[in-house]
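Colleague: Input file: my_file28.cif. Contents: mmCIF, N, CA and C atoms.
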data_protein
loop_
_atom_site.label_atom_id
_atom_site.label_comp_id
_atom_site.auth_asym_id
_atom_site.auth_seq_id
_atom_site.Cartn_x
_atom_site.Cartn_y
_atom_site.Cartn_z
N MET A 1 -11.71 20.29 1.21
CA MET A 1 -11.29 19.12 0.47
C MET A 1 -10.11 19.51 -0.42
N ALA A 2 -9.08 18.73 -0.33
CA ALA A 2 -7.87 18.97 -1.13
C ALA A 2 -8.13 18.60 -2.59
N PRO A 3 -7.44 19.28 -3.51
CA PRO A 3 -7.64 18.95 -4.93
C PRO A 3 -7.34 17.49 -5.26
N GLU A 4 -6.37 16.92 -4.57
CA GLU A 4 -6.04 15.51 -4.83
C GLU A 4 -7.20 14.61 -4.46
N GLN A 5 -7.84 14.88 -3.33
CA GLN A 5 -8.99 14.08 -2.91
C GLN A 5 -10.15 14.23 -3.89
N PHE A 6 -10.38 15.44 -4.36
CA PHE A 6 -11.45 15.69 -5.32
C PHE A 6 -11.20 14.91 -6.61
N LEU A 7 -9.96 14.91 -7.10
CA LEU A 7 -9.64 14.19 -8.33
C LEU A 7 -9.79 12.68 -8.16
N ILE A 8 -9.42 12.17 -6.99
CA ILE A 8 -9.58 10.74 -6.74
C ILE A 8 -11.05 10.37 -6.71
N ILE A 9 -11.87 11.17 -6.03
CA ILE A 9 -13.30 10.92 -5.98
C ILE A 9 -13.90 11.00 -7.38
N LEU A 10 -13.50 12.00 -8.15
CA LEU A 10 -14.00 12.14 -9.51
C LEU A 10 -13.60 10.95 -10.38
N LEU A 11 -12.37 10.48 -10.24
CA LEU A 11 -11.92 9.30 -10.98
C LEU A 11 -12.75 8.08 -10.62
N LEU A 12 -13.03 7.88 -9.34
CA LEU A 12 -13.84 6.74 -8.91
C LEU A 12 -15.26 6.83 -9.44
N VAL A 13 -15.83 8.03 -9.44
CA VAL A 13 -17.20 8.21 -9.95
C VAL A 13 -17.25 7.90 -11.44
N VAL A 14 -16.26 8.38 -12.19
CA VAL A 14 -16.21 8.10 -13.63
C VAL A 14 -16.01 6.62 -13.88
N TRP A 15 -15.13 5.99 -13.11
CA TRP A 15 -14.88 4.56 -13.27
C TRP A 15 -16.14 3.74 -13.03
N VAL A 16 -16.85 4.04 -11.95
CA VAL A 16 -18.08 3.31 -11.63
C VAL A 16 -19.13 3.57 -12.72
N GLY A 17 -19.22 4.82 -13.18
CA GLY A 17 -20.17 5.14 -14.24
C GLY A 17 -19.88 4.38 -15.53
N LEU A 18 -18.61 4.31 -15.91
CA LEU A 18 -18.23 3.55 -17.10
C LEU A 18 -18.53 2.06 -16.94
N ASP A 19 -18.27 1.53 -15.75
CA ASP A 19 -18.57 0.12 -15.50
C ASP A 19 -20.06 -0.16 -15.61
N ILE A 20 -20.88 0.70 -15.04
CA ILE A 20 -22.33 0.51 -15.10
C ILE A 20 -22.82 0.56 -16.54
N LEU A 21 -22.34 1.56 -17.30
CA LEU A 21 -22.74 1.66 -18.71
C LEU A 21 -22.32 0.42 -19.50
N ALA A 22 -21.10 -0.05 -19.29
CA ALA A 22 -20.62 -1.23 -20.02
C ALA A 22 -21.42 -2.47 -19.65
N LEU A 23 -21.71 -2.65 -18.37
CA LEU A 23 -22.46 -3.83 -17.95
C LEU A 23 -23.90 -3.79 -18.44
N ILE A 24 -24.52 -2.61 -18.41
CA ILE A 24 -25.88 -2.48 -18.95
C ILE A 24 -25.87 -2.82 -20.44
N TYR A 25 -24.90 -2.29 -21.15
CA TYR A 25 -24.79 -2.60 -22.58
C TYR A 25 -24.61 -4.09 -22.81
N LEU A 26 -23.73 -4.73 -22.05
CA LEU A 26 -23.47 -6.16 -22.24
C LEU A 26 -24.71 -7.00 -21.97
N PHE A 27 -25.41 -6.70 -20.90
CA PHE A 27 -26.50 -7.57 -20.49
C PHE A 27 -27.84 -7.22 -21.13
N ARG A 28 -28.00 -6.02 -21.67
CA ARG A 28 -29.27 -5.65 -22.31
C ARG A 28 -29.20 -5.64 -23.82
N GLU A 29 -28.06 -5.30 -24.38
CA GLU A 29 -27.97 -5.09 -25.82
C GLU A 29 -27.29 -6.23 -26.57
N ARG A 30 -26.57 -7.08 -25.88
CA ARG A 30 -25.81 -8.12 -26.56
C ARG A 30 -26.33 -9.49 -26.16
N LYS A 31 -26.29 -10.39 -27.11
CA LYS A 31 -26.67 -11.77 -26.84
C LYS A 31 -25.39 -12.58 -26.71
N LEU A 32 -25.06 -12.97 -25.49
CA LEU A 32 -23.81 -13.67 -25.23
C LEU A 32 -24.07 -14.91 -24.39
N THR A 33 -23.17 -15.87 -24.49
CA THR A 33 -23.24 -17.03 -23.60
C THR A 33 -22.79 -16.59 -22.20
N ARG A 34 -22.97 -17.47 -21.23
CA ARG A 34 -22.53 -17.14 -19.86
C ARG A 34 -21.02 -16.90 -19.81
N LYS A 35 -20.26 -17.72 -20.50
CA LYS A 35 -18.80 -17.58 -20.51
C LYS A 35 -18.39 -16.26 -21.14
N GLU A 36 -18.98 -15.93 -22.28
CA GLU A 36 -18.67 -14.67 -22.95
C GLU A 36 -19.07 -13.47 -22.09
N SER A 37 -20.23 -13.57 -21.44
CA SER A 37 -20.67 -12.48 -20.55
C SER A 37 -19.68 -12.29 -19.41
N GLY A 38 -19.18 -13.40 -18.86
CA GLY A 38 -18.22 -13.31 -17.76
C GLY A 38 -16.91 -12.67 -18.20
N ILE A 39 -16.42 -13.07 -19.36
CA ILE A 39 -15.15 -12.52 -19.87
C ILE A 39 -15.30 -11.04 -20.16
N TRP A 40 -16.35 -10.66 -20.88
CA TRP A 40 -16.55 -9.25 -21.21
C TRP A 40 -16.87 -8.43 -19.97
N GLY A 41 -17.57 -9.02 -19.02
CA GLY A 41 -17.85 -8.32 -17.77
C GLY A 41 -16.58 -8.01 -17.00
N LEU A 42 -15.67 -8.98 -16.94
CA LEU A 42 -14.40 -8.74 -16.27
C LEU A 42 -13.58 -7.68 -16.99
N MET A 43 -13.60 -7.70 -18.31
CA MET A 43 -12.88 -6.66 -19.05
C MET A 43 -13.48 -5.29 -18.77
N ALA A 44 -14.81 -5.22 -18.71
CA ALA A 44 -15.47 -3.94 -18.43
C ALA A 44 -15.10 -3.43 -17.05
N LEU A 45 -14.94 -4.32 -16.11
CA LEU A 45 -14.61 -3.90 -14.75
C LEU A 45 -13.15 -3.49 -14.58
N PHE A 46 -12.24 -4.16 -15.27
CA PHE A 46 -10.83 -3.94 -15.01
C PHE A 46 -10.09 -3.08 -16.03
N LEU A 47 -10.60 -2.93 -17.23
CA LEU A 47 -9.92 -2.12 -18.23
C LEU A 47 -9.87 -0.64 -17.86
N PRO A 48 -10.92 -0.04 -17.31
CA PRO A 48 -10.80 1.38 -16.93
C PRO A 48 -9.75 1.64 -15.86
N ILE A 49 -9.40 0.65 -15.08
CA ILE A 49 -8.37 0.83 -14.06
C ILE A 49 -6.99 0.90 -14.71
N ILE A 50 -6.78 0.08 -15.72
CA ILE A 50 -5.47 -0.03 -16.35
C ILE A 50 -5.09 1.26 -17.08
N GLY A 51 -6.04 1.89 -17.75
CA GLY A 51 -5.76 3.10 -18.53
C GLY A 51 -5.15 4.23 -17.70
N PRO A 52 -5.82 4.68 -16.63
CA PRO A 52 -5.23 5.75 -15.83
C PRO A 52 -3.89 5.39 -15.20
N ILE A 53 -3.71 4.15 -14.81
CA ILE A 53 -2.45 3.73 -14.22
C ILE A 53 -1.34 3.80 -15.26
N CYS A 54 -1.62 3.37 -16.50
CA CYS A 54 -0.60 3.44 -17.56
C CYS A 54 -0.22 4.88 -17.86
N VAL A 55 -1.19 5.77 -17.88
CA VAL A 55 -0.91 7.18 -18.16
C VAL A 55 -0.04 7.77 -17.05
N ILE A 56 -0.40 7.52 -15.80
CA ILE A 56 0.36 8.06 -14.68
C ILE A 56 1.76 7.46 -14.64
N ALA A 57 1.87 6.16 -14.84
CA ALA A 57 3.18 5.51 -14.79
C ALA A 57 4.06 5.90 -15.98
N GLY A 58 3.45 6.17 -17.13
CA GLY A 58 4.22 6.54 -18.32
C GLY A 58 4.75 7.97 -18.26
N LYS A 59 4.18 8.81 -17.43
CA LYS A 59 4.60 10.20 -17.27
C LYS A 59 4.80 10.89 -18.64
N PRO A 60 3.72 10.99 -19.44
CA PRO A 60 3.89 11.59 -20.77
C PRO A 60 4.19 13.09 -20.68
N GLY A 61 4.91 13.61 -21.66
CA GLY A 61 5.21 15.03 -21.70
C GLY A 61 6.29 15.43 -20.70
N GLN A 62 6.41 16.72 -20.54
CA GLN A 62 7.39 17.29 -19.61
C GLN A 62 6.69 17.80 -18.35
N PRO A 63 7.34 17.71 -17.20
CA PRO A 63 6.71 18.25 -15.99
C PRO A 63 6.58 19.77 -16.06
N ARG A 64 5.50 20.29 -15.44
CA ARG A 64 5.30 21.74 -15.39
C ARG A 64 6.28 22.37 -14.41
N LYS A 65 6.62 23.60 -14.68
CA LYS A 65 7.55 24.31 -13.77
C LYS A 65 6.77 25.24 -12.88
#
Could you write out this structure as structure tokens?

Modeller:
Amino acid sequence: MAPEQFLIILLLVVWVGLDILALIYLFRERKLTRKESGIWGLMALFLPIIGPICVIAGKPGQPRK
């Protein structure tokens, strides 16, 4: 397995784990209306995707030599 494939798999596992934790928290620990649950659920599903993409696209720091 190439390192790139391993990192992609690891990123997907972390993303799914974060989504599950957020959804469990929303539906077990918070009292929300259906509309609020839907909005927060969508944020929980899509916000972890945006973060890694912004970091990669922003190319912070200097490239390694």

Colleague: Please determine, counting all atoms listed in the file, which residue among A:Ala2, A:Glu36, A:Ala44, A:Ile50 has the shortest atom-to-atom distance to Leu23 in chain A.

Modeller: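 Checking each of A:Ala2, A:Glu36, A:Ala44, A:Ile50 against Leu23 in chain A, counting all atoms listed in the file, the winner is A:Ala44.
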
Colleague: Residues at most 8 Å from Gly41 in chain A, counting only N, CA and C atoms, excluding those fewer than 5 positions away in the same chain, as a VMD selection string?

Modeller: chain A and resid 22 to 23 26 35 to 36 46 to 47

Colleague: As an exercise, work out the distance from CA of Met43 in chain A to CA of Leu21 in chain A in Å and give it to one decimal place.

Modeller: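 Atom-to-atom, CA of Met43 in chain A to CA of Leu21 in chain A, that is 12.9 Å.
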
Colleague: Please give the centre and size of the box around range 5-11 of chain A (axis-aligned, containing every atom listed in the file, 4 Å added per side), with values in Å to one decimal and written as lines of an AutoDock Vina configuration file.

Modeller:
center_x = -10.9
center_y = 11.9
center_z = -6.9
size_x = 14.2
size_y = 15.6
size_z = 16.1

Colleague: What does the distance between atom N of Val13 in chain A and CA of Pro48 in chain A come to in Å, to one decimal place?

Modeller: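 According to the coordinates, atom N of Val13 in chain A and CA of Pro48 in chain A are separated by 11.2 Å.
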
Colleague: Grab the atom C of Leu12 in chain A to atom N of Lys31 in chain A distance for me, in Å with one decimal place.

Modeller: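 Going from atom C of Leu12 in chain A over to atom N of Lys31 in chain A covers 27.0 Å.
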